[in-house]
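protein.txt follows (compact mmCIF, C-alpha atoms):
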# COMPACT_ATOMS: atom_id res chain seq x y z
CA MET A 1 -26.08 -36.01 -24.32
CA THR A 2 -22.63 -34.94 -23.17
CA SER A 3 -21.60 -36.28 -19.80
CA TYR A 4 -20.02 -33.99 -17.27
CA LYS A 5 -18.57 -34.87 -13.93
CA ILE A 6 -20.22 -32.90 -11.11
CA VAL A 7 -17.86 -32.10 -8.25
CA TRP A 8 -18.76 -30.50 -4.93
CA HIS A 9 -16.16 -28.22 -3.41
CA GLY A 10 -15.60 -28.63 0.34
CA ILE A 11 -17.29 -25.30 1.05
CA PHE A 12 -20.49 -26.25 -0.76
CA ASP A 13 -20.38 -29.74 0.77
CA TYR A 14 -20.21 -28.19 4.25
CA GLN A 15 -23.00 -25.73 3.47
CA TYR A 16 -25.25 -28.45 2.06
CA LYS A 17 -24.75 -30.71 5.08
CA HIS A 18 -25.86 -27.86 7.32
CA LEU A 19 -29.05 -27.03 5.44
CA GLN A 20 -32.15 -27.81 7.44
CA ASP A 21 -33.98 -30.88 6.13
CA ASN A 22 -37.16 -30.09 4.22
CA SER A 23 -36.61 -26.35 4.54
CA PRO A 24 -37.68 -24.19 1.57
CA LEU A 25 -34.04 -23.25 1.06
CA LYS A 26 -32.87 -26.86 0.87
CA ARG A 27 -35.65 -27.63 -1.61
CA GLN A 28 -34.47 -24.76 -3.81
CA VAL A 29 -30.85 -25.85 -3.60
CA ASP A 30 -31.91 -29.40 -4.55
CA LYS A 31 -33.86 -27.97 -7.47
CA GLN A 32 -30.79 -26.13 -8.73
CA LEU A 33 -28.65 -29.24 -8.26
CA GLU A 34 -31.15 -31.04 -10.44
CA VAL A 35 -30.78 -28.31 -13.07
CA ILE A 36 -26.99 -28.78 -12.99
CA VAL A 37 -27.21 -32.55 -13.28
CA THR A 38 -29.79 -32.35 -16.09
CA ASP A 39 -27.88 -29.88 -18.25
CA PRO A 40 -24.40 -29.36 -16.81
CA ALA A 41 -22.96 -27.57 -19.82
CA ASN A 42 -25.61 -24.84 -19.81
CA ALA A 43 -26.59 -24.60 -16.16
CA GLY A 44 -26.40 -21.12 -14.65
CA ALA A 45 -25.94 -17.62 -16.01
CA ALA A 46 -22.36 -16.65 -16.81
CA LEU A 47 -20.95 -13.76 -14.79
CA GLN A 48 -20.37 -10.76 -17.04
CA GLY A 49 -17.11 -8.92 -17.40
CA LEU A 50 -14.70 -11.63 -16.30
CA PRO A 51 -11.12 -11.85 -17.61
CA THR A 52 -10.74 -13.93 -20.77
CA ASP A 53 -9.52 -17.10 -19.07
CA LEU A 54 -12.62 -17.23 -16.84
CA ALA A 55 -15.20 -15.83 -19.26
CA GLY A 56 -18.19 -18.16 -19.60
CA LYS A 57 -16.84 -20.53 -16.97
CA VAL A 58 -17.95 -18.95 -13.71
CA LYS A 59 -21.72 -18.97 -13.43
CA LYS A 60 -24.42 -18.26 -10.89
CA LEU A 61 -27.76 -19.85 -10.12
CA LYS A 62 -30.37 -18.13 -8.00
CA VAL A 63 -31.49 -19.76 -4.79
CA GLY A 64 -34.42 -18.13 -3.02
CA GLY A 65 -35.37 -15.73 -5.80
CA ARG A 66 -33.99 -12.48 -7.09
CA LYS A 67 -33.10 -11.13 -3.68
CA GLY A 68 -31.97 -14.45 -2.25
CA TYR A 69 -28.72 -16.37 -2.36
CA ARG A 70 -26.40 -17.19 -5.26
CA MET A 71 -24.92 -20.57 -6.00
CA ILE A 72 -21.58 -20.13 -7.76
CA ILE A 73 -20.32 -22.87 -10.05
CA LYS A 74 -17.31 -23.21 -12.34
CA THR A 75 -17.76 -25.09 -15.58
CA ASN A 76 -14.76 -26.48 -17.40
CA HIS A 77 -16.02 -27.53 -20.84
CA HIS A 78 -12.63 -28.83 -21.91
CA GLU A 79 -12.36 -31.26 -18.99
CA ARG A 80 -16.13 -31.73 -18.80
CA VAL A 81 -16.33 -30.88 -15.15
CA VAL A 82 -18.78 -28.69 -13.25
CA LYS A 83 -17.53 -27.68 -9.85
CA ILE A 84 -20.15 -26.44 -7.40
CA CYS A 85 -18.16 -23.93 -5.43
CA PHE A 86 -20.32 -22.26 -2.79
CA ILE A 87 -23.57 -20.49 -1.99
CA THR A 88 -23.33 -16.87 -0.89
CA PRO A 89 -23.82 -17.18 2.88
CA VAL A 90 -26.23 -14.26 3.27
CA LYS A 91 -29.00 -12.88 1.09
CA ARG A 92 -28.22 -10.27 -1.48
CA GLY A 93 -28.50 -6.80 -0.03
CA GLN A 94 -26.86 -7.96 3.19
CA LEU A 95 -23.85 -9.33 1.37
CA ASP A 96 -20.40 -7.94 2.10
CA TYR A 97 -18.58 -8.97 -1.07
CA LYS A 98 -15.21 -7.93 0.25
CA LYS A 99 -15.51 -10.20 3.28
CA LEU A 100 -16.98 -13.01 1.22
CA THR A 101 -14.21 -13.03 -1.35
CA ARG A 102 -11.46 -12.75 1.28
CA ASP A 103 -12.90 -15.70 3.20
CA LEU A 104 -13.25 -17.56 -0.06
CA ASN A 105 -9.64 -16.91 -1.02
CA ASP A 106 -8.50 -18.28 2.34
CA LEU A 107 -10.55 -21.44 1.98
CA ILE A 108 -10.53 -22.36 -1.67
CA ASP A 109 -7.32 -24.35 -1.81
CA GLY A 110 -8.34 -27.52 -0.05
CA GLN A 111 -8.71 -29.04 3.37
CA VAL A 112 -9.81 -26.49 5.87
CA GLU A 113 -10.89 -26.58 9.48
CA GLU A 114 -14.56 -26.59 10.32
CA LYS A 115 -13.97 -23.44 12.35
CA SER A 116 -13.13 -21.56 9.14
CA LEU A 117 -15.98 -23.11 7.19
CA LYS A 118 -18.47 -21.70 9.69
CA MET A 119 -18.07 -18.36 7.93
CA PHE A 120 -19.96 -19.94 5.04
CA LEU A 121 -22.93 -21.23 7.05
CA ILE A 122 -26.04 -19.95 5.34
CA LYS A 123 -27.89 -17.44 7.49
CA MET B 1 -31.04 0.50 -9.43
CA GLY B 2 -28.11 -1.29 -7.80
CA THR B 3 -24.97 -0.24 -5.96
CA ILE B 4 -21.29 -1.13 -6.02
CA SER B 5 -18.48 -0.63 -3.52
CA LYS B 6 -15.89 2.12 -3.75
CA ASP B 7 -13.12 -0.33 -4.63
CA THR B 8 -15.15 -1.83 -7.46
CA PHE B 9 -15.85 1.66 -8.78
CA LYS B 10 -12.15 2.56 -8.67
CA ARG B 11 -11.21 -0.57 -10.62
CA LEU B 12 -13.99 0.03 -13.13
CA PHE B 13 -12.98 3.66 -13.58
CA LEU B 14 -9.29 2.92 -14.09
CA LEU B 15 -10.01 0.02 -16.42
CA TYR B 16 -12.25 2.25 -18.50
CA THR B 17 -9.60 4.98 -18.56
CA ILE B 18 -6.84 2.62 -19.74
CA GLY B 19 -9.22 1.31 -22.40
CA CYS B 20 -9.70 4.87 -23.73
CA PHE B 21 -6.08 4.91 -24.89
CA LYS B 22 -6.18 3.43 -28.38
CA ASP B 23 -2.50 2.48 -28.27
CA GLY B 24 -2.11 1.90 -24.54
CA VAL B 25 -0.85 4.22 -21.81
CA TYR B 26 2.80 5.16 -22.14
CA GLY B 27 3.86 5.07 -18.49
CA LEU B 28 2.35 5.33 -15.04
CA LEU B 29 3.26 9.00 -14.76
CA ARG B 30 1.12 9.69 -17.82
CA LEU B 31 -1.78 7.68 -16.41
CA ASN B 32 -1.62 9.67 -13.19
CA LYS B 33 -1.64 13.00 -15.04
CA ILE B 34 -4.53 12.10 -17.33
CA VAL B 35 -6.67 10.86 -14.45
CA TYR B 36 -5.84 14.04 -12.53
CA PHE B 37 -7.00 16.22 -15.44
CA GLY B 38 -10.13 14.10 -15.83
CA LEU B 39 -11.04 14.27 -12.15
CA LYS B 40 -10.10 17.74 -11.03
CA ASP B 41 -13.54 19.19 -11.83
CA ALA B 42 -15.53 15.99 -11.40
CA ARG B 43 -18.28 15.46 -8.83
CA LEU B 44 -17.21 11.89 -8.01
CA LYS B 45 -13.49 11.54 -7.44
CA PRO B 46 -12.39 7.89 -7.22
CA PHE B 47 -8.82 8.93 -6.47
CA GLY B 48 -7.26 11.63 -4.34
CA PHE B 49 -4.16 13.39 -5.66
CA LYS B 50 -1.16 14.88 -3.92
CA ARG B 51 1.79 16.89 -5.08
CA ASP B 52 5.16 15.19 -5.19
CA ARG B 53 8.41 15.51 -7.12
CA TYR B 54 6.74 14.26 -10.31
CA GLY B 55 3.77 16.61 -9.99
CA GLN B 56 0.23 15.28 -9.49
CA HIS B 57 0.28 11.74 -8.16
CA SER B 58 -2.09 9.20 -6.58
CA ASP B 59 -0.74 6.26 -4.56
CA ASP B 60 -4.21 4.70 -4.61
CA LEU B 61 -4.26 4.78 -8.41
CA ASP B 62 -0.92 2.94 -8.53
CA THR B 63 -2.34 0.26 -6.21
CA ILE B 64 -5.50 -0.22 -8.25
CA ASN B 65 -3.39 -0.37 -11.42
CA GLU B 66 -1.42 -3.27 -9.91
CA GLN B 67 -4.66 -5.04 -9.04
CA LEU B 68 -5.87 -4.78 -12.65
CA LEU B 69 -2.58 -6.29 -13.77
CA SER B 70 -2.85 -9.12 -11.24
CA MET B 71 -6.37 -9.94 -12.44
CA ASN B 72 -5.08 -9.99 -16.03
CA TYR B 73 -7.46 -7.28 -17.26
CA THR B 74 -4.44 -5.24 -18.28
CA LYS B 75 -0.89 -6.00 -19.32
CA ALA B 76 2.35 -4.12 -18.90
CA THR B 77 4.96 -4.20 -21.64
CA PRO B 78 8.33 -2.41 -21.34
CA LEU B 79 8.59 0.90 -23.14
CA GLU B 80 11.25 1.23 -25.81
CA SER B 81 12.93 3.94 -23.74
CA GLY B 82 13.59 1.29 -21.11
CA GLN B 83 11.91 3.46 -18.51
CA GLY B 84 8.53 2.29 -17.37
CA ASN B 85 5.79 0.25 -19.02
CA LYS B 86 3.03 0.62 -21.53
CA TYR B 87 -0.32 -0.38 -20.00
CA SER B 88 -3.08 -1.72 -22.19
CA LEU B 89 -6.19 -3.91 -22.00
CA THR B 90 -5.58 -7.64 -22.36
CA ASP B 91 -8.90 -8.06 -24.10
CA LYS B 92 -11.39 -5.49 -25.34
CA LYS B 93 -14.50 -7.63 -25.18
CA ASN B 94 -15.55 -6.26 -21.77
CA THR B 95 -15.14 -2.64 -22.84
CA ARG B 96 -18.81 -2.16 -23.70
CA PHE B 97 -20.01 -3.48 -20.37
CA HIS B 98 -17.54 -1.32 -18.44
CA SER B 99 -18.32 1.73 -20.53
CA LEU B 100 -22.05 1.23 -19.99
CA ALA B 101 -21.57 0.76 -16.25
CA LEU B 102 -19.49 3.92 -15.93
CA SER B 103 -21.99 5.98 -17.91
CA ARG B 104 -24.79 4.63 -15.67
CA ILE B 105 -22.88 5.90 -12.64
CA ASP B 106 -21.92 9.33 -13.93
CA SER B 107 -22.03 10.05 -17.65
CA LYS B 108 -20.32 13.42 -17.13
CA LEU B 109 -17.38 11.69 -15.46
CA ARG B 110 -17.03 9.38 -18.43
CA GLY B 111 -17.09 12.43 -20.70
CA LYS B 112 -14.39 14.16 -18.66
CA ILE B 113 -12.08 11.17 -18.90
CA ASP B 114 -12.72 10.81 -22.64
CA GLU B 115 -11.82 14.47 -23.04
CA ALA B 116 -8.68 14.25 -20.89
CA VAL B 117 -7.40 11.26 -22.88
CA LYS B 118 -8.18 13.01 -26.15
CA THR B 119 -6.48 16.26 -25.11
CA TYR B 120 -3.47 15.04 -23.15
CA GLY B 121 -3.25 11.28 -23.72
CA TYR B 122 -0.54 11.25 -26.37
CA LEU B 123 1.31 14.51 -25.75
CA LEU B 124 5.07 14.17 -25.59
CA GLU B 125 6.07 13.47 -22.02
CA ASN B 126 7.84 16.80 -21.49
CA GLU B 127 4.81 18.65 -22.89
CA LEU B 128 2.49 16.71 -20.62
CA ILE B 129 4.62 17.45 -17.57
CA GLU B 130 4.78 21.11 -18.53
CA LYS B 131 0.95 21.28 -18.83
CA ALA B 132 0.63 19.51 -15.50
CA HIS B 133 3.04 21.90 -13.78
CA LEU B 134 1.22 24.91 -15.23
CA ASP B 135 -2.15 23.70 -13.96
CA ALA B 136 -3.75 26.49 -11.89
CA GLU B 137 -4.63 24.29 -8.89
CA PHE B 138 -1.17 22.80 -8.91
CA LEU B 139 0.48 26.22 -8.95
CA GLU B 140 -1.79 27.35 -6.13
CA ALA B 141 -0.75 24.31 -4.08
CA VAL B 142 2.92 25.06 -4.75
CA LYS B 143 2.44 28.68 -3.76
CA ASN B 144 0.74 27.74 -0.48
CA ASP B 145 3.02 24.74 0.10
CA VAL B 146 0.03 22.41 0.24
CA ASN B 147 0.61 18.74 -0.55
CA VAL B 148 -2.94 17.53 -1.05
CA LEU B 149 -4.43 18.67 -4.35
CA PHE B 150 -7.78 17.00 -3.71
CA ASP B 151 -9.08 14.06 -1.72
CA GLU B 152 -11.04 11.06 -2.88
CA GLN B 153 -14.73 12.01 -2.95
CA LEU B 154 -17.02 9.03 -3.00
CA PRO B 155 -20.09 7.92 -1.06
CA LYS B 156 -19.84 4.65 0.87
CA ARG B 157 -21.76 2.82 -1.88
CA ILE B 158 -22.00 4.06 -5.45
CA SER B 159 -25.40 3.95 -7.13
CA VAL B 160 -25.50 2.47 -10.61
CA ASP B 161 -28.48 2.62 -12.91
CA LEU B 162 -28.14 -1.07 -13.74
CA SER B 163 -29.89 -4.16 -12.39
CA ASP B 164 -28.83 -5.75 -9.11
CA ASP B 165 -27.62 -8.71 -11.14
CA ASP B 166 -25.32 -6.55 -13.27
CA CYS B 167 -23.96 -4.80 -10.19
CA GLU B 168 -23.31 -8.15 -8.55
CA ASP B 169 -21.39 -9.25 -11.64
CA LEU B 170 -19.28 -6.08 -11.52
CA GLU B 171 -18.62 -6.56 -7.82
CA LEU B 172 -17.37 -10.12 -8.29
CA ALA B 173 -15.64 -9.76 -11.65
CA LEU B 174 -13.59 -6.80 -10.43
CA ASP B 175 -12.56 -8.35 -7.13
CA PRO B 176 -8.94 -9.62 -7.10
CA ASP B 177 -9.68 -12.16 -4.32
CA PHE B 178 -12.62 -13.64 -6.22
CA ILE B 179 -10.68 -13.84 -9.48
CA SER B 180 -7.73 -15.45 -7.74
CA ALA B 181 -9.99 -18.00 -6.01
CA MET B 182 -11.83 -18.88 -9.23
CA ARG B 183 -8.55 -19.39 -11.09
CA ARG B 184 -7.30 -21.82 -8.47
CA LEU B 185 -10.42 -23.94 -8.54
Mind turning this structure into structure tokens?
Amino acid sequence: MTSYKIVWHGIFDYQYKHLQDNSPLKRQVDKQLEVIVTDPANAGAALQGLPTDLAGKVKKLKVGGRKGYRMIIKTNHHERVVKICFITPVKRGQLDYKKLTRDLNDLIDGQVEEKSLKMFLIK
Amino acid sequence: MGTISKDTFKRLFLLYTIGCFKDGVYGLLRLNKIVYFGLKDARLKPFGFKRDRYGQHSDDLDTINEQLLSMNYTKATPLESGQGNKYSLTDKKNTRFHSLALSRIDSKLRGKIDEAVKTYGYLLENELIEKAHLDAEFLEAVKNDVNVLFDEQLPKRISVDLSDDDCEDLELALDPDFISAMRRL
């Protein structure tokens, strides 16, 4: 079995710490984390239509069913790293992609204040 | 049945249009004219057009074109004339997905763009400009000294006959902020 390093981005780390213990959502997130750890190279469904340099690397896992949340990960096969990036903070259907991706762009680079991370609290 | 935002639809539409040019688009002026011809009788109009010194022009189209370049879906290479760029797809492997998505939004619109590229896409520039300046709606606008040829006509969300999952992929894959964030990770 190929070993991959699993890395949690600060956004996901913050989200995970704020999940309610024993809640159905936390159980589902834990289940998907188990999937990632078990088969890191193949975990998640690749997003379609990405530019060549990202094709097959950015993937999503469903949390809370078809209409629930999405856990976004980035897999780097060359460096054997899976980075767990974030969970969409609201359920699909209520999701404002424009706001999400702007917030994400502001936060992705590194250390950020908790005040900013609150935008990613799962509702 | 899913939906996508207006901005995603605009990026999808322009990406599809550029992909219709077998040898790339020779200049931004040409791209503007071809999209104008493709949209003038269309039900959904992702771009509004106004009349300026170069004829039919859309500022919004120029902006979306820059976003496609920044996301690396398209590339710009200098034209031999030294004036302007040739725009072409960086990679054609997404063409099928984009083509399918556009036809599931409005197959007639896709047909109109195909036709406009086929008819006007590779005319000599002076011929293209002449055709554009002889366009009935354009002449009418000149006569009445009206600057707006037509406005953008889109609902708030655009329905797509694809799964929610596919629409979500389109929404994320065609978002410059998401692409930029994922590259930096």
Let me make sure I understand: among A:Lys60, A:Arg80, A:Arg27, A:His18, which one has the smallest atom-to-atom distance to chain B if we use all atoms listed in the file?
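Of all the options, A:Lys60 lies closest to chain B.
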Applying 8 Å and only C-alpha atoms, which residues near stretch 119-122 of chain A remain after dropping the ones on its own chain fewer than 3 positions away? List them as a list in words.
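Here the qualifying residues turn out to be Ile11, Tyr14, Gln15, His18, Leu19, Ile87, Thr88, Pro89, Val90, Asp103, Lys115 and Ser116 of chain A.
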What are the closest atom pairs, with distances in Å to one decimal, for all residues of chain A lying within 12 Å of chain B? Consider only C-alpha atoms, order rows by chain and residue number, and present the result as a Markdown table.
| residue | atom | partner | partner_atom | distance |
| --- | --- | --- | --- | --- |
| A:Val7 | CA | B:Leu185 | CA | 11.0 |
| A:Trp8 | CA | B:Leu185 | CA | 11.2 |
| A:His9 | CA | B:Leu185 | CA | 8.8 |
| A:Gly10 | CA | B:Leu185 | CA | 11.3 |
| A:Ile11 | CA | B:Leu185 | CA | 11.9 |
| A:Ala45 | CA | B:Asp165 | CA | 10.3 |
| A:Ala46 | CA | B:Asp169 | CA | 9.1 |
| A:Leu47 | CA | B:Asp169 | CA | 5.5 |
| A:Gln48 | CA | B:Asp169 | CA | 5.7 |
| A:Gly49 | CA | B:Asn94 | CA | 5.3 |
| A:Leu50 | CA | B:Ala173 | CA | 5.1 |
| A:Pro51 | CA | B:Tyr73 | CA | 5.9 |
| A:Thr52 | CA | B:Asp91 | CA | 7.0 |
| A:Asp53 | CA | B:Arg183 | CA | 8.4 |
| A:Leu54 | CA | B:Arg183 | CA | 7.4 |
| A:Ala55 | CA | B:Ala173 | CA | 9.7 |
| A:Gly56 | CA | B:Ala173 | CA | 11.8 |
| A:Lys57 | CA | B:Met182 | CA | 9.4 |
| A:Val58 | CA | B:Met182 | CA | 7.6 |
| A:Lys59 | CA | B:Asp169 | CA | 9.9 |
| A:Lys60 | CA | B:Asp169 | CA | 9.5 |
| A:Leu61 | CA | B:Asp165 | CA | 11.2 |
| A:Lys62 | CA | B:Asp165 | CA | 10.3 |
| A:Gly65 | CA | B:Asp165 | CA | 11.7 |
| A:Arg66 | CA | B:Asp165 | CA | 8.4 |
| A:Lys67 | CA | B:Asp164 | CA | 8.8 |
| A:Gly68 | CA | B:Asp165 | CA | 11.4 |
| A:Tyr69 | CA | B:Glu168 | CA | 11.6 |
| A:Arg70 | CA | B:Glu168 | CA | 10.1 |
| A:Ile72 | CA | B:Met182 | CA | 9.9 |
| A:Ile73 | CA | B:Met182 | CA | 9.4 |
| A:Lys74 | CA | B:Met182 | CA | 7.6 |
| A:Thr75 | CA | B:Leu185 | CA | 10.2 |
| A:Asn76 | CA | B:Leu185 | CA | 10.2 |
| A:Val81 | CA | B:Leu185 | CA | 11.3 |
| A:Val82 | CA | B:Leu185 | CA | 10.7 |
| A:Lys83 | CA | B:Leu185 | CA | 8.1 |
| A:Ile84 | CA | B:Leu185 | CA | 10.1 |
| A:Cys85 | CA | B:Leu185 | CA | 8.3 |
| A:Phe86 | CA | B:Met182 | CA | 11.2 |
| A:Thr88 | CA | B:Glu168 | CA | 11.6 |
| A:Arg92 | CA | B:Glu168 | CA | 8.9 |
| A:Gly93 | CA | B:Asp164 | CA | 9.1 |
| A:Leu95 | CA | B:Glu168 | CA | 10.0 |
| A:Asp96 | CA | B:Ser5 | CA | 9.4 |
| A:Tyr97 | CA | B:Glu171 | CA | 7.2 |
| A:Lys98 | CA | B:Asp175 | CA | 7.9 |
| A:Lys99 | CA | B:Asp177 | CA | 9.8 |
| A:Leu100 | CA | B:Phe178 | CA | 8.6 |
| A:Thr101 | CA | B:Phe178 | CA | 5.2 |
| A:Arg102 | CA | B:Asp177 | CA | 5.9 |
| A:Asp103 | CA | B:Asp177 | CA | 8.9 |
| A:Leu104 | CA | B:Ala181 | CA | 6.8 |
| A:Asn105 | CA | B:Ala181 | CA | 5.1 |
| A:Asp106 | CA | B:Ala181 | CA | 8.5 |
| A:Leu107 | CA | B:Ala181 | CA | 8.7 |
| A:Ile108 | CA | B:Ala181 | CA | 6.2 |
| A:Asp109 | CA | B:Arg184 | CA | 7.1 |
| A:Gly110 | CA | B:Leu185 | CA | 9.4 |
Please, could you write that set of residues out with C-alpha atoms as a CSV table (one decimal), keeping the file's coordinate frame?
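What ended up in out.csv:
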chain,number,residue,atom,x,y,z
A,7,VAL,CA,-17.9,-32.1,-8.2
A,8,TRP,CA,-18.8,-30.5,-4.9
A,9,HIS,CA,-16.2,-28.2,-3.4
A,10,GLY,CA,-15.6,-28.6,0.3
A,11,ILE,CA,-17.3,-25.3,1.0
A,45,ALA,CA,-25.9,-17.6,-16.0
A,46,ALA,CA,-22.4,-16.6,-16.8
A,47,LEU,CA,-21.0,-13.8,-14.8
A,48,GLN,CA,-20.4,-10.8,-17.0
A,49,GLY,CA,-17.1,-8.9,-17.4
A,50,LEU,CA,-14.7,-11.6,-16.3
A,51,PRO,CA,-11.1,-11.8,-17.6
A,52,THR,CA,-10.7,-13.9,-20.8
A,53,ASP,CA,-9.5,-17.1,-19.1
A,54,LEU,CA,-12.6,-17.2,-16.8
A,55,ALA,CA,-15.2,-15.8,-19.3
A,56,GLY,CA,-18.2,-18.2,-19.6
A,57,LYS,CA,-16.8,-20.5,-17.0
A,58,VAL,CA,-18.0,-19.0,-13.7
A,59,LYS,CA,-21.7,-19.0,-13.4
A,60,LYS,CA,-24.4,-18.3,-10.9
A,61,LEU,CA,-27.8,-19.8,-10.1
A,62,LYS,CA,-30.4,-18.1,-8.0
A,65,GLY,CA,-35.4,-15.7,-5.8
A,66,ARG,CA,-34.0,-12.5,-7.1
A,67,LYS,CA,-33.1,-11.1,-3.7
A,68,GLY,CA,-32.0,-14.4,-2.2
A,69,TYR,CA,-28.7,-16.4,-2.4
A,70,ARG,CA,-26.4,-17.2,-5.3
A,72,ILE,CA,-21.6,-20.1,-7.8
A,73,ILE,CA,-20.3,-22.9,-10.0
A,74,LYS,CA,-17.3,-23.2,-12.3
A,75,THR,CA,-17.8,-25.1,-15.6
A,76,ASN,CA,-14.8,-26.5,-17.4
A,81,VAL,CA,-16.3,-30.9,-15.2
A,82,VAL,CA,-18.8,-28.7,-13.2
A,83,LYS,CA,-17.5,-27.7,-9.8
A,84,ILE,CA,-20.2,-26.4,-7.4
A,85,CYS,CA,-18.2,-23.9,-5.4
A,86,PHE,CA,-20.3,-22.3,-2.8
A,88,THR,CA,-23.3,-16.9,-0.9
A,92,ARG,CA,-28.2,-10.3,-1.5
A,93,GLY,CA,-28.5,-6.8,0.0
A,95,LEU,CA,-23.8,-9.3,1.4
A,96,ASP,CA,-20.4,-7.9,2.1
A,97,TYR,CA,-18.6,-9.0,-1.1
A,98,LYS,CA,-15.2,-7.9,0.2
A,99,LYS,CA,-15.5,-10.2,3.3
A,100,LEU,CA,-17.0,-13.0,1.2
A,101,THR,CA,-14.2,-13.0,-1.4
A,102,ARG,CA,-11.5,-12.8,1.3
A,103,ASP,CA,-12.9,-15.7,3.2
A,104,LEU,CA,-13.2,-17.6,-0.1
A,105,ASN,CA,-9.6,-16.9,-1.0
A,106,ASP,CA,-8.5,-18.3,2.3
A,107,LEU,CA,-10.6,-21.4,2.0
A,108,ILE,CA,-10.5,-22.4,-1.7
A,109,ASP,CA,-7.3,-24.4,-1.8
A,110,GLY,CA,-8.3,-27.5,0.0
Of the residues B:Leu109, B:Leu154, B:Ala101, B:Ile34, which is the one nearest to B:His57, using all atoms listed in the file?
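Using all atoms listed in the file, B:His57 sits closest to B:Ile34.
Taking atom CA of A:Glu79 as the reference point, atom CA of A:Ser3 is found at 10.5 Å.
Using all atoms listed in the file, the shortest contact distance between B:Pro78 and any of B:Leu28, B:Met1, B:Gln153, B:Ser103 is found at B:Leu28.
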With all atoms listed in the file counted, which protein, DNA or RNA residues have an atom no more than 10 Å from (-0.6, 16.6, -5.2) in the file frame? Please answer as a ChimeraX atom specification.
/B:36,48-58,137-138,141-142,146-151
Take every atom of stretch 36-42 of chain A listed in the file, pad by 4 Å on each side, and give me the axis-aligned box centre and edge lengths in Å, one decimal, as AutoDock Vina command-line options.
--center_x -26.4 --center_y -28.7 --center_z -16.4 --size_x 14.8 --size_y 15.7 --size_z 14.8
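Taking atom CA of B:Ser163 and atom CA of B:Gly111 as endpoints, the distance between them is 22.5 Å.
Relative to atom CA of B:Leu14, atom CA of B:Leu39 is found at 11.6 Å.
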Mind checking which residues fall within 9 Å of B:Tyr26, counting only C-alpha atoms, ignoring those fewer than 5 positions away in the same chain, and posting them as a tab-separated table (two decimals) with C-alpha atoms, keeping the file's coordinate frame?
chain	number	residue	atom	x	y	z
B	31	LEU	CA	-1.78	7.68	-16.41
B	79	LEU	CA	8.59	0.90	-23.14
B	84	GLY	CA	8.53	2.29	-17.37
B	85	ASN	CA	5.79	0.25	-19.02
B	86	LYS	CA	3.03	0.62	-21.53
B	87	TYR	CA	-0.32	-0.38	-20.00
B	121	GLY	CA	-3.25	11.28	-23.72
B	122	TYR	CA	-0.54	11.25	-26.37
B	125	GLU	CA	6.07	13.47	-22.02
Selection as a PyMOL selection string: residues within 12 Å of (-10.2, 14.1, -17.8), counting only C-alpha atoms:
chain B and resi 13-14+17+20+31-42+45+108-121
